[in-house]
file model-v6.pdb (PDB, C-alpha atoms)
ATOM      1  CA  MET A   1     249.656  -0.046 -46.637
ATOM      2  CA  THR A   2     253.305   0.667 -45.846
ATOM      3  CA  PRO A   3     253.762   3.931 -43.904
ATOM      4  CA  PRO A   4     256.150   6.488 -45.437
ATOM      5  CA  ALA A   5     259.745   6.061 -44.358
ATOM      6  CA  THR A   6     260.985   8.387 -41.647
ATOM      7  CA  PRO A   7     263.885  10.520 -42.941
ATOM      8  CA  VAL A   8     267.222   9.284 -41.645
ATOM      9  CA  HIS A   9     269.531  11.976 -40.235
ATOM     10  CA  LEU A  10     272.600  12.069 -42.450
ATOM     11  CA  HIS A  11     275.966  11.887 -40.743
ATOM     12  CA  PRO A  12     278.314  14.905 -40.774
ATOM     13  CA  ALA A  13     280.431  15.405 -43.867
ATOM     14  CA  LEU A  14     283.750  13.581 -43.495
ATOM     15  CA  VAL A  15     286.831  15.612 -44.332
ATOM     16  CA  GLY A  16     290.220  14.113 -45.186
ATOM     17  CA  HIS A  17     292.885  15.825 -43.051
ATOM     18  CA  ARG A  18     295.849  16.698 -45.273
ATOM     19  CA  GLY A  19     294.362  14.052 -47.526
ATOM     20  CA  ALA A  20     294.581  10.898 -45.448
ATOM     21  CA  ARG A  21     297.351  11.800 -43.021
ATOM     22  CA  GLY A  22     297.071   8.600 -40.973
ATOM     23  CA  GLU A  23     297.141   6.360 -44.044
ATOM     24  CA  ALA A  24     299.608   7.979 -46.474
ATOM     25  CA  PRO A  25     302.243  10.756 -46.575
ATOM     26  CA  GLU A  26     300.376  13.928 -45.585
ATOM     27  CA  ASN A  27     299.583  16.655 -48.116
ATOM     28  CA  THR A  28     300.832  14.617 -51.072
ATOM     29  CA  LEU A  29     298.993  13.430 -54.176
ATOM     30  CA  ALA A  30     299.235   9.889 -52.781
ATOM     31  CA  SER A  31     297.443  11.001 -49.619
ATOM     32  CA  PHE A  32     294.674  12.798 -51.485
ATOM     33  CA  GLN A  33     294.216   9.780 -53.743
ATOM     34  CA  VAL A  34     293.673   7.531 -50.716
ATOM     35  CA  ALA A  35     291.065   9.965 -49.373
ATOM     36  CA  VAL A  36     289.319  10.197 -52.754
ATOM     37  CA  GLU A  37     289.140   6.403 -52.940
ATOM     38  CA  ALA A  38     287.762   6.296 -49.386
ATOM     39  CA  GLY A  39     284.834   8.430 -50.530
ATOM     40  CA  VAL A  40     285.190  11.648 -48.546
ATOM     41  CA  THR A  41     283.307  14.679 -49.808
ATOM     42  CA  GLU A  42     285.791  17.294 -48.607
ATOM     43  CA  MET A  43     289.530  17.773 -48.115
ATOM     44  CA  GLU A  44     291.427  19.884 -45.602
ATOM     45  CA  LEU A  45     294.895  21.009 -46.668
ATOM     46  CA  ASP A  46     297.512  23.682 -45.994
ATOM     47  CA  VAL A  47     298.491  26.309 -48.561
ATOM     48  CA  ARG A  48     301.861  28.060 -48.758
ATOM     49  CA  LEU A  49     303.894  29.919 -51.367
ATOM     50  CA  SER A  50     307.029  28.690 -53.115
ATOM     51  CA  SER A  51     309.953  31.004 -53.902
ATOM     52  CA  ASP A  52     308.529  31.611 -57.386
ATOM     53  CA  GLY A  53     305.135  32.608 -56.013
ATOM     54  CA  GLN A  54     303.265  29.362 -56.714
ATOM     55  CA  LEU A  55     300.582  27.949 -54.427
ATOM     56  CA  ILE A  56     301.817  24.692 -52.944
ATOM     57  CA  VAL A  57     300.440  22.258 -50.339
ATOM     58  CA  LEU A  58     302.537  21.920 -47.181
ATOM     59  CA  HIS A  59     301.749  22.173 -43.476
ATOM     60  CA  ASP A  60     305.058  23.358 -42.002
ATOM     61  CA  SER A  61     306.955  26.511 -42.899
ATOM     62  CA  ASP A  62     310.000  24.362 -43.644
ATOM     63  CA  VAL A  63     310.360  21.090 -45.528
ATOM     64  CA  THR A  64     312.487  19.141 -43.036
ATOM     65  CA  ARG A  65     309.873  17.061 -41.199
ATOM     66  CA  THR A  66     308.324  15.555 -44.314
ATOM     67  CA  THR A  67     311.306  15.453 -46.710
ATOM     68  CA  GLY A  68     314.498  15.467 -44.631
ATOM     69  CA  VAL A  69     315.740  18.408 -46.734
ATOM     70  CA  ARG A  70     316.691  21.500 -44.764
ATOM     71  CA  GLY A  71     315.251  24.913 -45.427
ATOM     72  CA  ASN A  72     312.180  27.085 -45.475
ATOM     73  CA  VAL A  73     309.609  26.393 -48.162
ATOM     74  CA  ARG A  74     310.157  29.946 -49.446
ATOM     75  CA  GLN A  75     313.713  28.977 -50.454
ATOM     76  CA  TYR A  76     312.506  26.508 -53.085
ATOM     77  CA  THR A  77     310.663  26.781 -56.380
ATOM     78  CA  ARG A  78     307.533  24.796 -57.147
ATOM     79  CA  ALA A  79     309.598  22.527 -59.421
ATOM     80  CA  GLN A  80     312.182  21.866 -56.694
ATOM     81  CA  LEU A  81     309.484  21.076 -54.141
ATOM     82  CA  GLY A  82     307.767  18.732 -56.562
ATOM     83  CA  VAL A  83     310.765  16.426 -56.853
ATOM     84  CA  MET A  84     311.449  16.182 -53.101
ATOM     85  CA  ASP A  85     310.425  12.923 -51.428
ATOM     86  CA  ALA A  86     307.780  13.900 -48.863
ATOM     87  CA  ARG A  87     307.224  10.494 -47.238
ATOM     88  CA  ARG A  88     309.864  10.822 -44.497
ATOM     89  CA  ASN A  89     307.314  10.882 -41.660
ATOM     90  CA  THR A  90     305.355   7.918 -43.078
ATOM     91  CA  PRO A  91     307.553   4.852 -42.502
ATOM     92  CA  GLY A  92     307.030   2.030 -44.961
ATOM     93  CA  TRP A  93     305.312   4.051 -47.680
ATOM     94  CA  HIS A  94     306.129   2.222 -50.903
ATOM     95  CA  SER A  95     307.175   4.952 -53.345
ATOM     96  CA  PRO A  96     308.471   8.540 -53.482
ATOM     97  CA  THR A  97     305.871  11.302 -53.548
ATOM     98  CA  GLY A  98     306.635  15.005 -53.855
ATOM     99  CA  ILE A  99     305.206  18.217 -52.433
ATOM    100  CA  PRO A 100     302.337  19.073 -54.804
ATOM    101  CA  SER A 101     301.007  22.344 -56.107
ATOM    102  CA  LEU A 102     297.513  23.342 -55.054
ATOM    103  CA  GLN A 103     296.388  23.055 -58.666
ATOM    104  CA  GLU A 104     297.550  19.444 -58.853
ATOM    105  CA  VAL A 105     295.511  18.568 -55.763
ATOM    106  CA  VAL A 106     292.368  20.316 -57.022
ATOM    107  CA  ASP A 107     292.685  18.560 -60.383
ATOM    108  CA  LEU A 108     293.219  15.157 -58.751
ATOM    109  CA  CYS A 109     290.216  15.471 -56.458
ATOM    110  CA  GLY A 110     287.760  16.198 -59.254
ATOM    111  CA  PRO A 111     284.897  18.636 -59.807
ATOM    112  CA  GLN A 112     282.642  17.518 -56.933
ATOM    113  CA  MET A 113     285.161  17.751 -54.086
ATOM    114  CA  ARG A 114     284.885  20.528 -51.515
ATOM    115  CA  PHE A 115     287.943  21.983 -49.801
ATOM    116  CA  GLN A 116     289.131  23.724 -46.679
ATOM    117  CA  PHE A 117     292.246  25.695 -47.657
ATOM    118  CA  GLU A 118     294.051  26.521 -44.402
ATOM    119  CA  VAL A 119     296.583  29.340 -44.283
ATOM    120  CA  LYS A 120     299.069  29.580 -41.435
ATOM    121  CA  GLY A 121     300.534  32.800 -40.073
ATOM    122  CA  ALA A 122     303.449  34.516 -41.835
ATOM    123  CA  ASP A 123     304.695  38.056 -42.327
ATOM    124  CA  ARG A 124     302.161  40.494 -43.758
ATOM    125  CA  HIS A 125     303.813  40.743 -47.177
ATOM    126  CA  VAL A 126     303.721  36.968 -47.678
ATOM    127  CA  LEU A 127     300.122  36.737 -46.433
ATOM    128  CA  HIS A 128     299.024  39.502 -48.798
ATOM    129  CA  GLN A 129     300.732  37.784 -51.727
ATOM    130  CA  LEU A 130     299.200  34.444 -50.775
ATOM    131  CA  ALA A 131     295.729  35.975 -50.380
ATOM    132  CA  HIS A 132     296.012  37.558 -53.833
ATOM    133  CA  HIS A 133     297.102  34.334 -55.553
ATOM    134  CA  LEU A 134     294.590  32.174 -53.697
ATOM    135  CA  SER A 135     291.586  34.413 -54.328
ATOM    136  CA  HIS A 136     292.590  34.795 -57.991
ATOM    137  CA  MET A 137     292.770  31.015 -58.441
ATOM    138  CA  ILE A 138     289.401  30.463 -56.769
ATOM    139  CA  HIS A 139     287.726  33.140 -58.890
ATOM    140  CA  ASP A 140     289.459  32.120 -62.121
ATOM    141  CA  GLN A 141     288.292  28.512 -61.743
ATOM    142  CA  GLN A 142     284.930  29.416 -60.187
ATOM    143  CA  LEU A 143     285.574  27.383 -57.054
ATOM    144  CA  GLN A 144     283.696  29.725 -54.700
ATOM    145  CA  SER A 145     280.920  27.224 -53.998
ATOM    146  CA  ARG A 146     283.432  24.493 -53.157
ATOM    147  CA  VAL A 147     286.005  26.278 -50.999
ATOM    148  CA  VAL A 148     286.266  27.653 -47.481
ATOM    149  CA  ILE A 149     289.473  29.556 -46.666
ATOM    150  CA  THR A 150     290.400  28.881 -43.042
ATOM    151  CA  SER A 151     292.966  30.256 -40.617
ATOM    152  CA  SER A 152     293.642  30.973 -36.969
ATOM    153  CA  HIS A 153     295.319  34.223 -38.114
ATOM    154  CA  THR A 154     292.656  36.877 -37.686
ATOM    155  CA  GLY A 155     294.559  39.431 -39.752
ATOM    156  CA  PHE A 156     294.634  37.070 -42.715
ATOM    157  CA  LEU A 157     290.922  36.317 -42.410
ATOM    158  CA  ARG A 158     290.162  40.055 -42.435
ATOM    159  CA  MET A 159     292.451  40.490 -45.448
ATOM    160  CA  ILE A 160     290.661  37.785 -47.431
ATOM    161  CA  GLY A 161     287.285  39.155 -46.348
ATOM    162  CA  THR A 162     288.187  42.537 -47.842
ATOM    163  CA  MET A 163     289.863  41.141 -50.952
ATOM    164  CA  ALA A 164     287.291  38.448 -51.779
ATOM    165  CA  PRO A 165     284.065  38.836 -49.766
ATOM    166  CA  ASP A 166     282.322  36.195 -51.902
ATOM    167  CA  ILE A 167     284.608  33.386 -50.639
ATOM    168  CA  GLU A 168     283.539  31.681 -47.409
ATOM    169  CA  ARG A 169     285.944  31.861 -44.474
ATOM    170  CA  GLY A 170     286.407  29.777 -41.340
ATOM    171  CA  TYR A 171     288.064  30.639 -38.031
ATOM    172  CA  VAL A 172     290.290  27.830 -36.694
ATOM    173  CA  CYS A 173     290.497  27.725 -32.905
ATOM    174  CA  GLN A 174     292.159  25.491 -30.320
ATOM    175  CA  TYR A 175     291.493  27.366 -27.059
ATOM    176  CA  ARG A 176     288.218  28.189 -25.336
ATOM    177  CA  TYR A 177     289.445  31.518 -23.936
ATOM    178  CA  LEU A 178     289.619  32.843 -27.519
ATOM    179  CA  GLN A 179     285.802  32.601 -27.661
ATOM    180  CA  PRO A 180     285.632  30.832 -31.018
ATOM    181  CA  THR A 181     282.029  31.511 -32.006
ATOM    182  CA  ARG A 182     282.099  35.177 -30.993
ATOM    183  CA  ARG A 183     285.366  35.761 -32.811
ATOM    184  CA  ALA A 184     284.231  33.890 -35.936
ATOM    185  CA  GLN A 185     281.092  36.005 -36.092
ATOM    186  CA  GLY A 186     283.064  39.197 -35.486
ATOM    187  CA  LEU A 187     285.368  38.338 -38.383
ATOM    188  CA  GLY A 188     282.392  37.764 -40.690
ATOM    189  CA  CYS A 189     283.176  34.059 -41.056
ATOM    190  CA  SER A 190     280.600  31.473 -42.109
ATOM    191  CA  TRP A 191     282.385  28.666 -40.282
ATOM    192  CA  VAL A 192     283.951  28.086 -36.899
ATOM    193  CA  ILE A 193     286.528  25.284 -36.891
ATOM    194  CA  PRO A 194     287.257  24.260 -33.291
ATOM    195  CA  HIS A 195     289.412  21.506 -31.879
ATOM    196  CA  PHE A 196     287.147  18.608 -30.930
ATOM    197  CA  SER A 197     287.778  19.180 -27.208
ATOM    198  CA  LEU A 198     285.965  22.538 -27.413
ATOM    199  CA  VAL A 199     282.749  21.163 -28.905
ATOM    200  CA  THR A 200     279.940  20.988 -26.362
ATOM    201  CA  PRO A 201     276.176  21.446 -26.556
ATOM    202  CA  ALA A 202     276.718  25.042 -25.379
ATOM    203  CA  LEU A 203     279.208  25.779 -28.173
ATOM    204  CA  MET A 204     276.823  24.296 -30.731
ATOM    205  CA  ARG A 205     273.973  26.477 -29.434
ATOM    206  CA  ARG A 206     276.155  29.581 -29.654
ATOM    207  CA  ALA A 207     277.333  28.661 -33.153
ATOM    208  CA  ARG A 208     273.795  28.140 -34.455
ATOM    209  CA  ARG A 209     272.561  31.320 -32.787
ATOM    210  CA  ARG A 210     275.294  33.212 -34.630
ATOM    211  CA  GLY A 211     274.547  31.512 -37.950
ATOM    212  CA  LEU A 212     277.805  29.548 -38.028
ATOM    213  CA  LYS A 213     278.524  26.125 -39.477
ATOM    214  CA  VAL A 214     280.855  23.900 -37.442
ATOM    215  CA  SER A 215     283.735  21.757 -38.731
ATOM    216  CA  VAL A 216     285.725  19.897 -36.079
ATOM    217  CA  TRP A 217     289.414  18.896 -36.094
ATOM    218  CA  THR A 218     291.172  16.444 -35.823
ATOM    219  CA  VAL A 219     289.029  13.447 -34.840
ATOM    220  CA  ASN A 220     290.592   9.979 -34.990
ATOM    221  CA  ASP A 221     288.430   8.138 -32.478
ATOM    222  CA  LEU A 222     285.076   6.772 -33.668
ATOM    223  CA  THR A 223     283.475   7.111 -30.235
ATOM    224  CA  GLU A 224     284.348  10.804 -30.258
ATOM    225  CA  ALA A 225     283.060  11.086 -33.830
ATOM    226  CA  GLU A 226     279.729   9.595 -32.729
ATOM    227  CA  ARG A 227     279.499  12.146 -29.908
ATOM    228  CA  LEU A 228     280.061  14.959 -32.406
ATOM    229  CA  ALA A 229     277.549  13.479 -34.833
ATOM    230  CA  ARG A 230     274.920  13.495 -32.081
ATOM    231  CA  LEU A 231     275.670  17.187 -31.530
ATOM    232  CA  LYS A 232     274.990  17.677 -35.270
ATOM    233  CA  VAL A 233     278.292  19.238 -36.261
ATOM    234  CA  ASP A 234     278.460  19.945 -39.990
ATOM    235  CA  SER A 235     281.712  18.128 -40.687
ATOM    236  CA  ILE A 236     284.432  16.080 -39.029
ATOM    237  CA  ILE A 237     288.086  16.290 -40.067
ATOM    238  CA  THR A 238     289.997  13.010 -39.686
ATOM    239  CA  ASP A 239     293.389  11.464 -40.438
ATOM    240  CA  TYR A 240     291.672   8.134 -41.173
ATOM    241  CA  PRO A 241     289.035   8.745 -43.847
ATOM    242  CA  THR A 242     288.883   5.111 -44.981
ATOM    243  CA  SER A 243     287.728   3.726 -41.639
ATOM    244  CA  PHE A 244     285.540   6.753 -40.860
ATOM    245  CA  VAL A 245     283.669   6.607 -44.171
ATOM    246  CA  SER A 246     283.199   2.837 -43.768
ATOM    247  CA  HIS A 247     281.877   3.264 -40.222
ATOM    248  CA  PHE A 248     279.386   5.992 -41.027
ATOM    249  CA  ARG A 249     278.163   4.302 -44.188
ATOM    250  CA  SER A 250     277.499   1.110 -42.212
ATOM    251  CA  ARG A 251     275.769   3.129 -39.502
ATOM    252  CA  GLN A 252     273.561   4.806 -42.083
ATOM    253  CA  ARG A 253     272.713   1.514 -43.827
ATOM    254  CA  TYR A 254     271.709   0.035 -40.469
ATOM    255  CA  ALA A 255     269.528   3.053 -39.662
ATOM    256  CA  SER A 256     267.874   2.869 -43.103
ATOM    257  CA  SER A 257     267.196  -0.835 -42.661
ATOM    258  CA  SER A 258     265.619  -0.251 -39.245
ATOM    259  CA  VAL A 259     263.301   2.392 -40.681
ATOM    260  CA  SER A 260     262.164   0.175 -43.572
ATOM    261  CA  ASP A 261     261.494  -2.724 -41.216
TER     262      ASP A 261
END

call {"tool": "encode", "arguments": {"input": "model-v6.pdb", "output": "structure tokens"}}
result
Amino acid sequence: MTPPATPVHLHPALVGHRGARGEAPENTLASFQVAVEAGVTEMELDVRLSSDGQLIVLHDSDVTRTTGVRGNVRQYTRAQLGVMDARRNTPGWHSPTGIPSLQEVVDLCGPQMRFQFEVKGADRHVLHQLAHHLSHMIHDQQLQSRVVITSSHTGFLRMIGTMAPDIERGYVCQYRYLQPTRRAQGLGCSWVIPHFSLVTPALMRRARRRGLKVSVWTVNDLTEAERLARLKVDSIITDYPTSFVSHFRSRQRYASSSVSD
């Protein structure tokens, strides 16, 4: 009689950073398509507002680094941003690809994809407007179960918590002195999102004690990813989703085979 198989510990969820930042022009439809094809279950992206109040996907406050065009994103309409060529920092990419709207990215990724929508700091008026539009979109399309709104801006996280308490939030942190797990709990967040260098067994114990899930950025080394997997982080954000998904799928197949033997 064959004994029952021992359950295999699943690897952390793999999150495409700005789509597939290391493989295609970041935060573009081309980049998200690469990540979708790689098989990630979650995307991390940056949300800003255009001059006409539309939610668009862009990391920087200006468009220069990715498009070569000068100016703050708030100077341009959604339509103008959409026709810019955002592959400037990805040498050799084969075709033009614009700055997308958030809706375009959500539609492309399909109904099963989860998201981390990161919001960077800005003046209070812009943050309030962005929070209103973002929470309205999430509620209107019933995305609450698929979205975590993340930020290192504590004021914005409090704002969203008041405006839309049913949407999960995550505190993004790069420095240990900011006490990431304590601050995340104090803000009422469900997630703490630390830089990989902060993640230790002690941080994981504190996070679990405070009821926090842990998503780690930005991990591009598979040895480091294995260390984090052993610590049982909930998800790993990477610029290279294709190789990471391939690695962890192979690892899981090997583990499954060993159990069945």

call {"tool": "closest_atom_pairs", "arguments": {"input": "model-v6.pdb", "of": "segment 33-62 of chain A", "to": "segment 115-126 of chain A", "cutoff": "10 Å", "atoms": "all atoms listed in the file", "output": "JSON lines"}}
result
{"residue": "A:Thr41", "atom": "CA", "partner": "A:Phe115", "partner_atom": "CA", "distance": 8.7}
{"residue": "A:Glu42", "atom": "CA", "partner": "A:Phe115", "partner_atom": "CA", "distance": 5.3}
{"residue": "A:Met43", "atom": "CA", "partner": "A:Phe115", "partner_atom": "CA", "distance": 4.8}
{"residue": "A:Glu44", "atom": "CA", "partner": "A:Gln116", "partner_atom": "CA", "distance": 4.6}
{"residue": "A:Leu45", "atom": "CA", "partner": "A:Phe117", "partner_atom": "CA", "distance": 5.5}
{"residue": "A:Asp46", "atom": "CA", "partner": "A:Glu118", "partner_atom": "CA", "distance": 4.8}
{"residue": "A:Val47", "atom": "CA", "partner": "A:Val119", "partner_atom": "CA", "distance": 5.6}
{"residue": "A:Arg48", "atom": "CA", "partner": "A:Val119", "partner_atom": "CA", "distance": 7.0}
{"residue": "A:Leu49", "atom": "CA", "partner": "A:Val126", "partner_atom": "CA", "distance": 8.0}
{"residue": "A:Gly53", "atom": "CA", "partner": "A:Val126", "partner_atom": "CA", "distance": 9.5}
{"residue": "A:Val57", "atom": "CA", "partner": "A:Phe117", "partner_atom": "CA", "distance": 9.3}
{"residue": "A:Leu58", "atom": "CA", "partner": "A:Val119", "partner_atom": "CA", "distance": 9.9}
{"residue": "A:His59", "atom": "CA", "partner": "A:Lys120", "partner_atom": "CA", "distance": 8.1}
{"residue": "A:Asp60", "atom": "CA", "partner": "A:Lys120", "partner_atom": "CA", "distance": 8.7}
{"residue": "A:Ser61", "atom": "CA", "partner": "A:Lys120", "partner_atom": "CA", "distance": 8.6}

call {"tool": "closest_residue", "arguments": {"input": "model-v6.pdb", "among": "A:Gly110, A:Thr28, A:Gln75, A:His139", "to": "Arg87 of chain A", "atoms": "only C-alpha atoms"}}
result
A:Thr28

call {"tool": "resolve_selection", "arguments": {"input": "model-v6.pdb", "expression": "the PyMOL selection byres ((chain A and resi 191) around 10)", "output": "VMD selection string"}}
result
chain A and resid 148 to 150 168 to 172 181 184 to 185 188 to 190 192 to 194 207 211 to 215 234

call {"tool": "write_last_selection", "arguments": {"input": "model-v6.pdb", "atoms": "C-alpha atoms", "output": "tab-separated table (two decimals), keeping the file's coordinate frame"}}
result
chain	number	residue	atom	x	y	z
A	148	VAL	CA	286.27	27.65	-47.48
A	149	ILE	CA	289.47	29.56	-46.67
A	150	THR	CA	290.40	28.88	-43.04
A	168	GLU	CA	283.54	31.68	-47.41
A	169	ARG	CA	285.94	31.86	-44.47
A	170	GLY	CA	286.41	29.78	-41.34
A	171	TYR	CA	288.06	30.64	-38.03
A	172	VAL	CA	290.29	27.83	-36.69
A	181	THR	CA	282.03	31.51	-32.01
A	184	ALA	CA	284.23	33.89	-35.94
A	185	GLN	CA	281.09	36.01	-36.09
A	188	GLY	CA	282.39	37.76	-40.69
A	189	CYS	CA	283.18	34.06	-41.06
A	190	SER	CA	280.60	31.47	-42.11
A	192	VAL	CA	283.95	28.09	-36.90
A	193	ILE	CA	286.53	25.28	-36.89
A	194	PRO	CA	287.26	24.26	-33.29
A	207	ALA	CA	277.33	28.66	-33.15
A	211	GLY	CA	274.55	31.51	-37.95
A	212	LEU	CA	277.80	29.55	-38.03
A	213	LYS	CA	278.52	26.12	-39.48
A	214	VAL	CA	280.86	23.90	-37.44
A	215	SER	CA	283.74	21.76	-38.73
A	234	ASP	CA	278.46	19.94	-39.99

call {"tool": "resolve_selection", "arguments": {"input": "model-v6.pdb", "expression": "the PyMOL selection byres ((chain A and resi 132) around 12)", "output": "VMD selection string"}}
result
chain A and resid 49 53 to 55 125 to 131 133 to 140 156 159 to 164

call {"tool": "resolve_selection", "arguments": {"input": "model-v6.pdb", "expression": "the PyMOL selection byres ((chain A and resi 174) around 7)", "output": "PyMOL selection string"}}
result
chain A and resi 173+175-176+194-195

call {"tool": "write_last_selection", "arguments": {"input": "model-v6.pdb", "atoms": "C-alpha atoms", "output": "CSV table (one decimal), in the frame of the given file"}}
result
chain,number,residue,atom,x,y,z
A,173,CYS,CA,290.5,27.7,-32.9
A,175,TYR,CA,291.5,27.4,-27.1
A,176,ARG,CA,288.2,28.2,-25.3
A,194,PRO,CA,287.3,24.3,-33.3
A,195,HIS,CA,289.4,21.5,-31.9
